[in-house]
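A.B. asks: Sharing a structure with you now.
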Amino acid sequence: MPFAVHNGIQIDGQNNLLLPFDNTVQNQHSGVHTAAQLLLAESASGYYLLTLFSTLQGNIFPLLRESTIQFNRQADSDLSSRIIVRDEAVESA
């Protein structure tokens with residue numbers, strides 16, 4: 001995840017992805033830029049797939065094909081992202 005790391009995204013001890021709030025991710029309204037929020041979400045999904053299928057790393061390349069974004073309010077603090085998948089969803093895949 002070189003691009004994500006370059007843009008300040010970090011991984012904590014519980015495999016959550018974190019985006020610290022600072023001036024490098026802000027928009028003209030002093031909130032977190034939309035592109036930074038999308039980068040965090042997309043990075044979390046890619047990281048999840050790479051950890052779920054770690055034995056295939058280097059042989060598979062997860063790519064985002066489509067995305068829909070719906071915002072409720074402006075983000076103005078640190079953000080985190082964690083992927084949660086129900087066991088029954090994994091078993092049926």
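Just so we're on the same page: first chain in the structure tokens is A, next is B, and so on; residues restart at 1 for each chain, and ligands are numbered from 1 in the order they show up.
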Find the residues near Gln70 (chain A): any atom within 12 Å, counting only C-alpha atoms, skip ones fewer than 5 places away on the same chain, and give them as a ChimeraX atom specification.

C.D. replies: /A:34,37-38

A.B. asks: Going by DSSP on the backbone, which residues of chain A come out as helix (DSSP H, G or I)? List them as a tab-separated table (two decimals) with N, CA and C atoms, in the first residue's frame.

C.D. replies:
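Below is the file that was written, result.tsv:
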chain	number	residue	atom	x	y	z
A	2	PRO	N	1.84	1.34	-0.88
A	2	PRO	CA	2.74	2.50	-0.88
A	2	PRO	C	2.02	3.84	-1.03
A	3	PHE	N	1.02	3.93	-1.91
A	3	PHE	CA	0.33	5.21	-2.10
A	3	PHE	C	-0.42	5.62	-0.86
A	4	ALA	N	-1.06	4.65	-0.20
A	4	ALA	CA	-1.80	4.94	1.03
A	4	ALA	C	-0.84	5.42	2.12
A	5	VAL	N	0.28	4.74	2.28
A	5	VAL	CA	1.26	5.14	3.29
A	5	VAL	C	1.82	6.52	2.96
A	6	HIS	N	2.08	6.77	1.70
A	6	HIS	CA	2.58	8.09	1.27
A	6	HIS	C	1.60	9.19	1.65
A	34	THR	N	-12.57	14.78	0.27
A	34	THR	CA	-13.30	13.61	-0.22
A	34	THR	C	-12.36	12.54	-0.75
A	35	ALA	N	-11.36	12.94	-1.50
A	35	ALA	CA	-10.42	11.97	-2.08
A	35	ALA	C	-9.65	11.23	-0.99
A	36	ALA	N	-9.32	11.91	0.10
A	36	ALA	CA	-8.62	11.27	1.21
A	36	ALA	C	-9.52	10.24	1.89
A	37	GLN	N	-10.81	10.55	2.02
A	37	GLN	CA	-11.75	9.61	2.63
A	37	GLN	C	-11.93	8.38	1.74
A	38	LEU	N	-12.02	8.59	0.44
A	38	LEU	CA	-12.14	7.46	-0.48
A	38	LEU	C	-10.87	6.62	-0.46
A	39	LEU	N	-9.72	7.25	-0.39
A	39	LEU	CA	-8.46	6.52	-0.32
A	39	LEU	C	-8.42	5.63	0.92
A	40	LEU	N	-8.89	6.14	2.05
A	40	LEU	CA	-8.93	5.34	3.27
A	40	LEU	C	-9.84	4.13	3.11
A	41	ALA	N	-11.03	4.34	2.58
A	41	ALA	CA	-11.98	3.24	2.40
A	41	ALA	C	-11.46	2.20	1.41
A	42	GLU	N	-10.93	2.65	0.29
A	42	GLU	CA	-10.42	1.74	-0.74
A	42	GLU	C	-9.20	0.98	-0.22
A	43	SER	N	-8.36	1.65	0.54
A	43	SER	CA	-7.17	1.00	1.11
A	43	SER	C	-7.57	-0.07	2.11
A	44	ALA	N	-8.61	0.19	2.89
A	44	ALA	CA	-9.08	-0.80	3.86
A	44	ALA	C	-9.58	-2.06	3.16
A	45	SER	N	-10.31	-1.89	2.07
A	45	SER	CA	-10.81	-3.07	1.37
A	45	SER	C	-9.67	-3.87	0.75
A	46	GLY	N	-8.71	-3.18	0.15
A	46	GLY	CA	-7.56	-3.87	-0.43
A	46	GLY	C	-6.72	-4.57	0.62
A	47	TYR	N	-6.50	-3.90	1.76
A	47	TYR	CA	-5.73	-4.49	2.85
A	47	TYR	C	-6.43	-5.73	3.39
A	48	TYR	N	-7.76	-5.66	3.53
A	48	TYR	CA	-8.52	-6.82	4.00
A	48	TYR	C	-8.33	-8.01	3.06
A	49	LEU	N	-8.46	-7.77	1.77
A	49	LEU	CA	-8.30	-8.86	0.81
A	49	LEU	C	-6.90	-9.45	0.85
A	50	LEU	N	-5.89	-8.60	0.98
A	50	LEU	CA	-4.51	-9.10	1.02
A	50	LEU	C	-4.24	-9.91	2.28
A	51	THR	N	-4.88	-9.55	3.41
A	51	THR	CA	-4.69	-10.34	4.62
A	51	THR	C	-5.52	-11.62	4.59
A	52	LEU	N	-6.71	-11.56	4.00
A	52	LEU	CA	-7.57	-12.74	3.90
A	52	LEU	C	-6.96	-13.79	2.98
A	54	SER	N	-3.61	-14.07	2.04
A	54	SER	CA	-2.17	-13.77	2.13
A	54	SER	C	-1.31	-14.76	1.35
A	55	THR	N	-1.77	-16.00	1.22
A	55	THR	CA	-0.98	-16.99	0.48
A	55	THR	C	-0.94	-16.69	-1.02
A	56	LEU	N	-1.87	-15.86	-1.49
A	56	LEU	CA	-1.92	-15.52	-2.91
A	56	LEU	C	-1.25	-14.18	-3.22
A	87	ASP	N	-19.13	-14.18	9.32
A	87	ASP	CA	-18.62	-15.53	9.02
A	87	ASP	C	-19.43	-16.22	7.93
A	88	GLU	N	-20.75	-16.06	7.98
A	88	GLU	CA	-21.59	-16.75	7.00
A	88	GLU	C	-21.35	-16.21	5.58
A	89	ALA	N	-20.92	-14.95	5.46
A	89	ALA	CA	-20.62	-14.40	4.14
A	89	ALA	C	-19.36	-15.04	3.58
A	90	VAL	N	-18.38	-15.28	4.45
A	90	VAL	CA	-17.13	-15.91	4.01
A	90	VAL	C	-17.39	-17.37	3.64
A	91	GLU	N	-18.18	-18.05	4.45
A	91	GLU	CA	-18.47	-19.47	4.20
A	91	GLU	C	-19.23	-19.69	2.90
A	92	SER	N	-20.07	-18.71	2.51
A	92	SER	CA	-20.86	-18.88	1.30
A	92	SER	C	-20.12	-18.43	0.05

A.B. asks: So that I can see what lies close to region 7-21 of chain A, please list as a ChimeraX atom specification the residues with an atom at most 6 Å from it, counting only C-alpha atoms and leaving out residues fewer than 3 positions away in the same chain.

C.D. replies: /A:4,77-82

A.B. asks: What does the file look like for those residues with N, CA and C atoms, as an mmCIF file, in the first residue's frame?

C.D. replies:
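This went into part-v9.cif:
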data_model
loop_
_atom_site.group_PDB
_atom_site.id
_atom_site.type_symbol
_atom_site.label_atom_id
_atom_site.label_comp_id
_atom_site.auth_asym_id
_atom_site.auth_seq_id
_atom_site.Cartn_x
_atom_site.Cartn_y
_atom_site.Cartn_z
ATOM 1 N N ALA A 4 -1.063 4.648 -0.204
ATOM 2 C CA ALA A 4 -1.798 4.943 1.031
ATOM 3 C C ALA A 4 -0.844 5.422 2.122
ATOM 4 N N SER A 77 -11.791 15.403 11.874
ATOM 5 C CA SER A 77 -10.910 14.795 12.879
ATOM 6 C C SER A 77 -10.272 13.546 12.266
ATOM 7 N N ASP A 78 -9.458 12.843 13.061
ATOM 8 C CA ASP A 78 -8.866 11.594 12.592
ATOM 9 C C ASP A 78 -9.958 10.640 12.129
ATOM 10 N N LEU A 79 -9.657 9.848 11.105
ATOM 11 C CA LEU A 79 -10.603 8.851 10.604
ATOM 12 C C LEU A 79 -9.993 7.464 10.723
ATOM 13 N N SER A 80 -10.849 6.469 10.892
ATOM 14 C CA SER A 80 -10.385 5.081 10.893
ATOM 15 C C SER A 80 -11.327 4.258 10.036
ATOM 16 N N SER A 81 -10.821 3.141 9.552
ATOM 17 C CA SER A 81 -11.614 2.253 8.718
ATOM 18 C C SER A 81 -11.276 0.823 9.090
ATOM 19 N N ARG A 82 -12.316 0.027 9.247
ATOM 20 C CA ARG A 82 -12.131 -1.385 9.581
ATOM 21 C C ARG A 82 -13.152 -2.186 8.792
#

A.B. asks: Please indicate the distance in Å from CA of Ile69 (chain A) to CA of Arg86 (chain A), rounded to one decimal place.

C.D. replies: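 Taking CA of Ile69 (chain A) as the start and CA of Arg86 (chain A) as the end point, the length is 22.1 Å.
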
A.B. asks: From a DSSP calculation on the backbone, collect every residue of chain A in strand (DSSP E or B) and output the set as a PyMOL selection string.

C.D. replies: chain A and resi 10-11+17-19+26+32+57+60+79-81
